[in-house]
file target-v1.cif (mmCIF, C-alpha atoms and all ligand atoms)
data_target
loop_
_atom_site.label_atom_id
_atom_site.label_comp_id
_atom_site.auth_asym_id
_atom_site.auth_seq_id
_atom_site.Cartn_x
_atom_site.Cartn_y
_atom_site.Cartn_z
CA MET A 1 -8.79 -3.90 -5.76
CA ALA A 2 -5.85 -3.57 -8.07
CA THR A 3 -5.66 -0.22 -9.76
CA ILE A 4 -5.32 0.19 -13.49
CA ASN A 5 -4.39 3.66 -14.56
CA TYR A 6 -5.15 3.77 -18.26
CA GLY A 7 -3.67 7.22 -18.60
CA TYR A 8 -0.29 5.73 -17.77
CA ARG A 9 -1.18 2.10 -18.58
CA GLU A 10 0.00 1.15 -15.14
CA ILE A 11 -1.21 -1.60 -12.82
CA ASN A 12 -0.70 -1.26 -9.07
CA CYS A 13 -1.25 -4.13 -6.65
CA LYS A 14 -1.08 -3.89 -2.88
CA ILE A 15 0.13 -6.83 -0.80
CA VAL A 16 -0.12 -6.54 2.97
CA TYR A 17 1.99 -8.52 5.45
CA TYR A 18 -0.12 -9.13 8.54
CA GLY A 19 0.48 -10.95 11.81
CA PRO A 20 1.13 -10.50 15.53
CA GLY A 21 3.84 -8.26 16.95
CA MET A 22 7.43 -9.46 16.43
CA SER A 23 6.37 -12.27 14.07
CA GLY A 24 8.79 -11.17 11.34
CA LYS A 25 6.75 -9.02 8.92
CA THR A 26 9.29 -6.23 8.65
CA THR A 27 12.06 -8.83 8.31
CA ASN A 28 10.23 -10.29 5.27
CA LEU A 29 10.41 -6.90 3.54
CA GLU A 30 14.02 -6.35 4.57
CA THR A 31 15.00 -9.72 3.12
CA ILE A 32 13.16 -9.03 -0.14
CA HIS A 33 14.73 -5.56 -0.30
CA LYS A 34 18.18 -7.09 0.14
CA LYS A 35 17.80 -9.70 -2.58
CA VAL A 36 15.84 -7.95 -5.33
CA PRO A 37 18.01 -6.01 -7.81
CA PRO A 38 17.80 -2.23 -7.26
CA THR A 39 16.37 -1.73 -10.75
CA ASN A 40 13.28 -3.68 -9.71
CA ARG A 41 12.63 -2.13 -6.35
CA GLY A 42 12.19 1.27 -4.76
CA LYS A 43 13.42 2.25 -1.35
CA LEU A 44 12.23 0.63 1.83
CA THR A 45 10.28 3.16 3.87
CA SER A 46 9.73 2.35 7.54
CA LEU A 47 7.66 4.25 10.06
CA ALA A 48 8.97 2.64 13.21
CA THR A 49 9.50 3.35 16.90
CA LYS A 50 12.96 3.91 18.34
CA THR A 51 13.02 0.22 19.22
CA ASP A 52 12.35 -0.87 15.61
CA ARG A 53 8.75 -1.84 16.18
CA THR A 54 6.51 -0.87 13.27
CA LEU A 55 4.49 2.21 14.21
CA PHE A 56 2.45 2.71 11.05
CA PHE A 57 3.81 0.66 8.16
CA ASP A 58 6.80 -0.41 6.10
CA LEU A 59 6.57 -0.03 2.34
CA LEU A 60 8.66 -1.71 -0.33
CA PRO A 61 7.71 -0.96 -3.96
CA LEU A 62 8.49 -3.64 -6.56
CA ASP A 63 8.54 -2.94 -10.28
CA LEU A 64 8.10 -5.80 -12.72
CA GLY A 65 8.59 -3.62 -15.79
CA THR A 66 6.21 -3.61 -18.76
CA ILE A 67 4.10 -6.68 -19.34
CA LYS A 68 1.77 -6.90 -22.32
CA GLY A 69 1.70 -3.12 -22.56
CA PHE A 70 1.13 -2.44 -18.87
CA LYS A 71 3.65 -1.23 -16.33
CA VAL A 72 3.18 -3.64 -13.43
CA LYS A 73 3.97 -2.47 -9.93
CA PHE A 74 3.54 -4.04 -6.51
CA GLN A 75 3.51 -2.29 -3.18
CA LEU A 76 4.43 -4.51 -0.25
CA TYR A 77 3.19 -3.13 3.07
CA THR A 78 3.55 -4.39 6.63
CA VAL A 79 1.15 -3.51 9.42
CA PRO A 80 2.16 -2.83 13.01
CA GLY A 81 1.49 -6.10 14.84
CA GLN A 82 1.16 -4.74 18.34
CA VAL A 83 -2.42 -4.98 19.54
CA TYR A 84 -2.90 -1.32 20.44
CA TYR A 85 -2.02 -0.06 16.97
CA ASN A 86 -5.26 -1.32 15.47
CA ALA A 87 -6.42 2.04 14.12
CA THR A 88 -3.37 2.41 11.91
CA ARG A 89 -3.32 -1.30 11.09
CA LYS A 90 -6.80 -0.93 9.67
CA LEU A 91 -5.73 2.04 7.54
CA VAL A 92 -2.88 0.08 6.00
CA LEU A 93 -5.16 -2.82 5.16
CA ARG A 94 -7.47 -0.64 3.10
CA GLY A 95 -7.38 -1.51 -0.58
CA ALA A 96 -5.28 -4.65 -0.11
CA ASP A 97 -5.26 -7.03 -3.08
CA GLY A 98 -3.64 -9.86 -1.16
CA VAL A 99 -2.45 -10.76 2.32
CA VAL A 100 0.58 -12.69 3.58
CA PHE A 101 -0.04 -13.72 7.17
CA VAL A 102 3.28 -14.08 9.00
CA ALA A 103 2.73 -16.33 12.01
CA ASP A 104 5.25 -16.87 14.80
CA SER A 105 5.67 -20.65 15.07
CA GLN A 106 6.77 -20.58 18.71
CA LYS A 107 4.42 -22.40 21.05
CA ASP A 108 4.04 -19.50 23.43
CA ARG A 109 2.98 -17.22 20.59
CA TYR A 110 0.10 -19.39 19.43
CA ASP A 111 -2.64 -17.34 21.12
CA ASP A 112 -1.23 -14.15 19.61
CA ASN A 113 -1.35 -15.71 16.14
CA VAL A 114 -4.97 -16.69 16.59
CA GLU A 115 -5.91 -13.27 17.91
CA SER A 116 -4.16 -11.53 15.01
CA LEU A 117 -5.84 -13.76 12.42
CA GLU A 118 -9.21 -13.00 13.97
CA ASN A 119 -8.33 -9.30 13.96
CA LEU A 120 -7.42 -9.51 10.27
CA ARG A 121 -10.80 -11.02 9.47
CA GLU A 122 -12.62 -8.33 11.43
CA ASN A 123 -10.67 -5.42 9.97
CA LEU A 124 -11.25 -6.72 6.45
CA LYS A 125 -14.93 -7.00 7.18
CA GLU A 126 -15.02 -3.37 8.22
CA HIS A 127 -13.60 -2.50 4.80
CA GLY A 128 -16.29 -4.67 3.20
CA MET A 129 -13.80 -7.38 2.32
CA ASP A 130 -13.81 -11.11 2.99
CA LEU A 131 -10.62 -12.99 3.84
CA ASP A 132 -11.99 -16.19 2.33
CA ALA A 133 -12.60 -14.48 -1.00
CA MET A 134 -9.22 -12.84 -1.46
CA PRO A 135 -5.66 -13.91 -2.25
CA PHE A 136 -4.27 -15.13 1.06
CA VAL A 137 -1.23 -17.19 2.06
CA ILE A 138 0.44 -18.00 5.37
CA GLY A 139 4.11 -18.11 6.38
CA TRP A 140 4.94 -20.16 9.50
CA ASN A 141 7.92 -18.10 10.54
CA LYS A 142 10.84 -18.71 12.90
CA ARG A 143 11.14 -22.41 12.06
CA ASP A 144 14.77 -22.18 13.15
CA LEU A 145 13.81 -21.73 16.81
CA PRO A 146 13.62 -24.73 19.15
CA ASP A 147 10.22 -24.55 20.80
CA VAL A 148 7.91 -24.39 17.78
CA MET A 149 4.60 -26.06 16.99
CA SER A 150 4.54 -28.57 14.15
CA VAL A 151 3.31 -27.28 10.80
CA GLU A 152 0.67 -30.03 10.81
CA GLU A 153 -0.76 -28.78 14.08
CA LEU A 154 -0.61 -25.12 12.97
CA ASN A 155 -2.43 -25.96 9.75
CA ALA A 156 -5.04 -28.04 11.55
CA LYS A 157 -5.77 -25.27 13.99
CA MET A 158 -5.30 -22.10 11.97
CA ASN A 159 -5.74 -23.00 8.33
CA PRO A 160 -8.92 -25.04 7.92
CA ARG A 161 -9.36 -23.87 4.31
CA GLY A 162 -5.86 -25.08 3.46
CA VAL A 163 -4.62 -21.87 1.83
CA PRO A 164 -1.06 -22.02 0.47
CA ASN A 165 1.35 -22.02 3.41
CA PHE A 166 5.10 -22.09 3.81
CA GLU A 167 7.70 -22.87 6.42
CA MET A 168 9.54 -19.62 6.83
CA GLU A 169 12.75 -18.23 8.27
CA ALA A 170 12.49 -14.58 7.40
CA LEU A 171 16.04 -13.76 8.52
CA THR A 172 17.65 -16.24 6.13
CA GLY A 173 14.98 -15.90 3.42
CA ARG A 174 13.64 -19.41 3.58
CA GLY A 175 9.99 -19.39 2.46
CA VAL A 176 9.95 -15.62 1.99
CA PHE A 177 9.94 -15.61 -1.80
CA GLU A 178 7.73 -18.66 -2.01
CA ALA A 179 5.08 -16.84 0.01
CA LEU A 180 5.44 -13.65 -2.04
CA ARG A 181 5.30 -15.61 -5.27
CA ALA A 182 2.21 -17.54 -4.19
CA VAL A 183 0.22 -14.48 -3.18
CA THR A 184 1.34 -12.63 -6.30
CA ARG A 185 0.16 -15.49 -8.47
CA MET A 186 -3.25 -15.39 -6.81
CA VAL A 187 -3.51 -11.61 -7.22
CA LEU A 188 -2.49 -11.72 -10.89
CA GLU A 189 -4.84 -14.58 -11.70
CA LYS A 190 -7.70 -12.73 -10.04
CA LEU A 191 -6.81 -9.60 -12.00
CA GLU A 192 -6.73 -11.53 -15.26
CA LYS A 193 -10.03 -13.21 -14.54
CA GLU A 194 -12.00 -10.31 -13.11
CA GLY A 195 -10.34 -7.15 -14.41
CA THR A 196 -10.79 -4.31 -11.97
CA ARG A 197 -14.48 -4.94 -11.35
CA MET B 1 -11.58 6.97 -8.98
CA ASN B 2 -9.12 4.48 -7.69
CA LYS B 3 -11.15 3.65 -4.64
CA GLN B 4 -13.06 1.20 -6.75
CA GLY B 5 -10.00 0.24 -8.71
CA GLY B 6 -10.65 2.78 -11.41
CA SER B 7 -8.97 4.43 -14.30
CA LEU B 8 -8.80 7.70 -16.11
CA SER B 9 -8.72 8.15 -19.84
CA ALA B 10 -5.61 9.58 -21.46
CA GLU B 11 -7.65 12.68 -22.22
CA GLN B 12 -8.63 13.20 -18.60
CA MET B 13 -5.02 12.77 -17.57
CA GLN B 14 -4.00 15.46 -20.03
CA THR B 15 -6.60 17.86 -18.68
CA ILE B 16 -5.46 17.25 -15.12
CA GLU B 17 -1.83 17.68 -16.12
CA SER B 18 -2.53 21.07 -17.65
CA VAL B 19 -4.62 22.16 -14.65
CA LEU B 20 -1.73 21.27 -12.35
CA ALA B 21 0.82 23.02 -14.55
CA GLY B 22 -1.33 26.16 -14.52
CA TYR B 23 -1.64 25.95 -10.74
CA VAL B 24 2.13 25.78 -10.25
CA LYS B 25 2.56 28.85 -12.40
CA ASP B 26 -0.31 30.94 -11.04
CA ALA B 27 0.28 30.24 -7.36
CA GLY B 28 4.05 30.39 -7.67
CA ILE B 29 4.55 27.08 -5.90
CA ARG B 30 7.44 24.68 -6.37
CA THR B 31 5.71 21.34 -6.71
CA VAL B 32 2.23 19.87 -6.84
CA LEU B 33 1.35 16.20 -6.61
CA LEU B 34 -2.02 14.57 -6.99
CA VAL B 35 -2.22 11.33 -5.03
CA ASP B 36 -5.11 8.89 -4.94
CA PRO B 37 -6.56 7.77 -1.59
CA ASP B 38 -4.46 4.60 -1.72
CA GLY B 39 -1.28 6.64 -2.04
CA HIS B 40 -0.53 6.18 -5.73
CA LEU B 41 0.75 9.19 -7.60
CA VAL B 42 -1.81 10.15 -10.23
CA CYS B 43 -0.09 13.18 -11.67
CA GLN B 44 2.54 15.77 -10.79
CA SER B 45 3.86 19.12 -11.91
CA GLY B 46 6.82 21.28 -10.97
CA ALA B 47 10.17 20.25 -9.54
CA MET B 48 10.46 16.84 -7.90
CA ASP B 49 13.77 17.68 -6.15
CA THR B 50 14.52 14.85 -3.74
CA ILE B 51 10.97 13.48 -3.68
CA ASP B 52 10.57 9.76 -4.23
CA PRO B 53 7.04 9.64 -5.67
CA VAL B 54 6.12 6.14 -4.46
CA SER B 55 7.00 6.53 -0.80
CA PHE B 56 5.90 10.16 -0.81
CA GLY B 57 2.43 9.22 -2.04
CA ALA B 58 2.12 6.46 0.52
CA LEU B 59 3.22 8.72 3.37
CA VAL B 60 0.89 11.53 2.34
CA SER B 61 -2.14 9.29 2.02
CA ALA B 62 -1.38 7.62 5.36
CA ASN B 63 -0.95 11.02 6.97
CA PHE B 64 -4.20 12.20 5.45
CA ALA B 65 -6.13 9.10 6.45
CA SER B 66 -4.97 9.30 10.05
CA THR B 67 -5.73 13.04 10.13
CA GLN B 68 -9.31 12.26 9.04
CA GLN B 69 -9.66 9.80 11.91
CA ILE B 70 -8.27 12.33 14.35
CA ALA B 71 -10.93 14.74 13.06
CA GLY B 72 -13.55 12.09 13.71
CA GLN B 73 -12.46 11.71 17.33
CA MET B 74 -12.68 15.48 17.73
CA GLY B 75 -16.26 15.40 16.53
CA GLU B 76 -15.27 17.06 13.25
CA LYS B 77 -16.72 15.39 10.21
CA GLU B 78 -13.52 15.88 8.31
CA PHE B 79 -10.56 18.13 7.76
CA ASN B 80 -10.49 19.44 4.22
CA ALA B 81 -6.92 20.60 4.37
CA PHE B 82 -3.90 20.99 6.55
CA TYR B 83 -0.77 23.05 6.49
CA ILE B 84 2.72 22.11 7.64
CA GLN B 85 5.37 24.74 8.09
CA GLY B 86 9.01 23.93 7.46
CA LYS B 87 12.18 25.93 7.68
CA GLU B 88 12.60 26.40 3.95
CA LYS B 89 9.52 24.81 2.45
CA ASP B 90 5.90 24.58 3.46
CA LEU B 91 3.35 21.94 2.65
CA TYR B 92 -0.33 22.38 2.03
CA VAL B 93 -2.48 19.28 1.67
CA SER B 94 -6.09 19.46 0.52
CA ALA B 95 -8.75 16.88 -0.18
CA VAL B 96 -10.29 16.56 -3.63
CA GLU B 97 -13.57 15.31 -2.18
CA ASP B 98 -12.85 11.70 -1.28
CA LYS B 99 -11.31 11.05 -4.67
CA ALA B 100 -7.75 12.29 -4.30
CA ILE B 101 -5.33 14.41 -2.33
CA LEU B 102 -3.67 17.53 -3.67
CA VAL B 103 -0.22 18.16 -2.21
CA SER B 104 1.33 21.60 -2.71
CA ILE B 105 4.94 22.34 -1.82
CA PHE B 106 6.19 25.91 -1.81
CA ALA B 107 9.11 27.99 -0.58
CA ARG B 108 8.89 29.97 2.63
CA GLY B 109 7.93 33.47 1.66
CA THR B 110 5.23 32.36 -0.75
CA THR B 111 1.96 33.74 0.58
CA VAL B 112 0.05 30.88 2.15
CA GLY B 113 -3.27 32.63 1.68
CA MET B 114 -2.69 32.82 -2.06
CA VAL B 115 -1.70 29.18 -2.24
CA LYS B 116 -4.91 28.26 -0.44
CA ILE B 117 -7.06 30.24 -2.86
CA PHE B 118 -5.40 28.75 -5.92
CA ALA B 119 -5.47 25.28 -4.37
CA GLU B 120 -9.20 25.56 -3.82
CA LYS B 121 -9.77 26.53 -7.44
CA THR B 122 -7.54 23.68 -8.58
CA VAL B 123 -9.40 21.19 -6.41
CA LYS B 124 -12.67 22.17 -8.07
CA GLU B 125 -11.25 21.86 -11.57
CA ILE B 126 -9.68 18.51 -10.88
CA SER B 127 -12.69 17.15 -9.11
CA ALA B 128 -14.75 17.61 -12.26
CA ASN B 129 -12.21 15.52 -14.15
CA LEU B 130 -11.80 12.75 -11.61
CA VAL B 131 -14.65 10.68 -12.85
CA PRO B 132 -14.05 7.27 -14.36
CA GLY B 133 -13.26 7.25 -18.06
CA GLU B 134 -15.56 6.27 -20.89
CA GLY B 135 -17.79 3.31 -20.21
CA GLY B 136 -19.06 4.90 -17.00
CA ASP B 137 -17.44 2.89 -14.25
CA GLN B 138 -14.48 0.59 -14.51
CA LYS B 139 -16.26 -2.72 -14.74
CA GLY B 140 -14.49 -5.25 -16.87
CA LEU B 141 -11.27 -3.39 -17.58
CA SER B 142 -9.16 -6.26 -18.67
CA VAL B 143 -5.51 -7.04 -19.08
CA GLY B 144 -5.94 -9.83 -21.60
CA GLY B 145 -5.26 -13.57 -21.41
CA GLY B 146 -1.85 -14.90 -20.46
CA PHE B 147 -1.15 -11.77 -18.47
CA ALA B 148 -0.72 -13.53 -15.12
CA ASP B 149 1.72 -16.08 -16.55
CA SER B 150 3.85 -13.40 -18.21
CA ALA B 151 3.93 -11.29 -15.06
CA LEU B 152 4.83 -14.28 -12.90
CA ALA B 153 7.66 -15.23 -15.24
CA GLU B 154 8.95 -11.69 -14.79
CA LEU B 155 8.65 -11.95 -11.02
CA ASP B 156 10.64 -15.19 -11.10
CA LYS B 157 13.40 -13.37 -12.94
CA VAL B 158 13.36 -10.58 -10.37
CA LEU B 159 13.43 -13.04 -7.49
CA GLY B 160 15.89 -15.25 -9.38
CA GLY B 161 18.82 -16.76 -7.62
CA ILE B 162 17.09 -16.80 -4.29
N1 LIG C 1 15.01 -16.62 15.02
C1 LIG C 1 14.32 -15.91 14.14
N2 LIG C 1 14.10 -14.61 14.39
C2 LIG C 1 13.40 -13.91 13.47
C3 LIG C 1 12.89 -14.51 12.28
N3 LIG C 1 12.25 -13.57 11.59
C4 LIG C 1 12.34 -12.42 12.30
N4 LIG C 1 13.03 -12.62 13.44
C5 LIG C 1 13.36 -11.63 14.50
O1 LIG C 1 12.17 -11.29 15.19
C6 LIG C 1 12.20 -9.93 15.62
C7 LIG C 1 10.98 -9.18 15.15
O2 LIG C 1 10.99 -9.12 13.74
P1 LIG C 1 10.20 -7.98 12.92
O3 LIG C 1 10.32 -8.32 11.49
O4 LIG C 1 10.64 -6.64 13.36
O5 LIG C 1 8.74 -8.24 13.47
P2 LIG C 1 7.38 -7.52 13.03
O6 LIG C 1 6.41 -8.58 12.71
O7 LIG C 1 7.65 -6.52 11.97
O8 LIG C 1 6.96 -6.79 14.40
P3 LIG C 1 6.01 -5.49 14.62
O9 LIG C 1 6.56 -4.42 13.74
O10 LIG C 1 6.06 -5.15 16.04
O11 LIG C 1 4.64 -5.91 14.20
C8 LIG C 1 13.51 -9.36 15.07
O12 LIG C 1 14.46 -9.38 16.09
C9 LIG C 1 13.87 -10.31 13.94
O13 LIG C 1 15.25 -10.36 13.74
C10 LIG C 1 13.14 -15.90 12.07
O14 LIG C 1 12.75 -16.53 11.07
N5 LIG C 1 13.86 -16.55 13.03
MG MG C 2 7.34 -4.53 11.83
#
call {"tool": "encode", "arguments": {"input": "target-v1.cif", "output": "structure tokens", "more": "lines below"}}
Ligand SMILES: Nc1nc2c(ncn2[C@@H]2O[C@H](COP(=O)(O)OP(=O)(O)OP(=O)(O)O)[C@@H](O)[C@H]2O)c(=O)[nH]1
Ligand SMILES: [Mg+2]
result
Amino acid sequence: MATINYGYREINCKIVYYGPGMSGKTTNLETIHKKVPPTNRGKLTSLATKTDRTLFFDLLPLDLGTIKGFKVKFQLYTVPGQVYYNATRKLVLRGADGVVFVADSQKDRYDDNVESLENLRENLKEHGMDLDAMPFVIGWNKRDLPDVMSVEELNAKMNPRGVPNFEMEALTGRGVFEALRAVTRMVLEKLEKEGTR
Amino acid sequence: MNKQGGSLSAEQMQTIESVLAGYVKDAGIRTVLLVDPDGHLVCQSGAMDTIDPVSFGALVSANFASTQQIAGQMGEKEFNAFYIQGKEKDLYVSAVEDKAILVSIFARGTTVGMVKIFAEKTVKEISANLVPGEGGDQKGLSVGGGFADSALAELDKVLGGI
């Protein structure tokens, strides 16, 4: 749940980028880091292996300034996508206010997408959270590559609830902000409606 | 506290601030940070030097959370504290129950045993103050109508030109 610190009148929201290994989660944060003015973002922290695979998480803090008397801050996290890092993946997911699922659109990655989505649902459940009840959007990444599934088929198979979803090319930035904006909107609307519960 | 998405009153914050300031002085440490379990900085005292509070908090809480799970695999229920020795500075991290994490940074040469004793005392004092502010729990803390729209407009500005 979003945190309101009344002492400092500060609101903190945590957005987690989830998805299978190599799907483009870290690239999403790198692209956002590159394009957001330095006054509105902190530094990009990455705990990665020597080969640039996420080991624990990446973190990019965003600062929206003061809104209606509250300092509003977002923390964007990525999880490590590789299957065997589930223990740390679960830790990063704790306290998430919203999730961006970054899927790899390539045909031969379909099974990995499905497995990761199932893993997301299970890990949330272990934290007492329900994917269907929280802000959630999907980015179909790597649309620039040749051997990709159609978005229609991906939606039919992986997105039965029809959550907001976007064609994405994380390297160029296509769909990256749209996805961030959509999940942020859902988080803020939930916050406005429910407070901190 | 923040585990449930909580908040502290301004008064509680002041009390914690003065407890931390006293701790820095009494124990002769360089810096103390209080971080919530999600990695947000709650309060800090002493010199920040090159510390970036946002990433520092996130790294400490991640470190602490994984240490707890390591404890679990060892059959320990939990580690209450751990100590990291550097060349010039040492780090002592202690749990404030499951409510927060107290991070103490001090120069080599400071007596670790003393830091531990003062840290323990500080943990107790803070723990008593880390209860949700007036109104009992945090149910229904609200940001007011139109908040989401205003914040989104701000986000659009930040993301502008993309
Ligand atoms: N062609 C193409 N490549 C991409 C795109 N997005 C990311 N990549 C590349 O895919 C590779 C993996 O990207 P990362 O962002 O590191 O993947 P990740 O999801 O963080 O992977 P893990 O940390 O292992 O979970 C990198 O070589 C990126 O440059 C895209 O839209 N198109
Ligand atoms: Mg990564």
call {"tool": "closest_residue", "arguments": {"input": "target-v1.cif", "among": "B:Gly86, B:Gly46, B:Gly113, B:Pro37", "to": "chain A", "atoms": "only C-alpha atoms"}}
result
B:Pro37
call {"tool": "residues_around", "arguments": {"input": "target-v1.cif", "residues": "B:Glu154", "least_positions_apart": "2", "cutoff": "12 Å", "atoms": "only C-alpha atoms", "output": "list in words"}}
result
Asn40, Leu62, Asp63, Leu64, Gly65, Thr66, Ile67, Lys68, Lys71, Val72, Lys73, Arg181, Thr184 and Arg185 of chain A; Phe147, Ala148, Asp149, Ser150, Ala151, Leu152, Asp156, Lys157, Val158, Leu159 and Gly160 of chain B
call {"tool": "residues_near_ligand", "arguments": {"input": "target-v1.cif", "ligand": "ligand LIG 1 (chain C)", "cutoff": "6 Å", "atoms": "all atoms listed in the file", "output": "ChimeraX atom specification"}}
result
/A:20-27,53-54,80-82,141-142,144-145,169-171
call {"tool": "closest_residue", "arguments": {"input": "target-v1.cif", "among": "A:Thr49, A:Val83, A:Lys90, A:Val163", "to": "chain B", "atoms": "only C-alpha atoms"}}
result
A:Lys90
call {"tool": "residues_around", "arguments": {"input": "target-v1.cif", "residues": "B:His40", "least_positions_apart": "4", "cutoff": "6 Å", "atoms": "all atoms listed in the file", "output": "ChimeraX atom specification"}}
result
/B:35-36,57
call {"tool": "closest_residue", "arguments": {"input": "target-v1.cif", "among": "B:Ile101, B:Leu59, B:Leu130, B:Val96", "to": "chain A", "atoms": "all atoms listed in the file"}}
result
B:Leu59
call {"tool": "atom_distance", "arguments": {"input": "target-v1.cif", "atom1": "atom CA of B:Ala65", "atom2": "atom CA of B:Met13"}}
result
24.3 Å
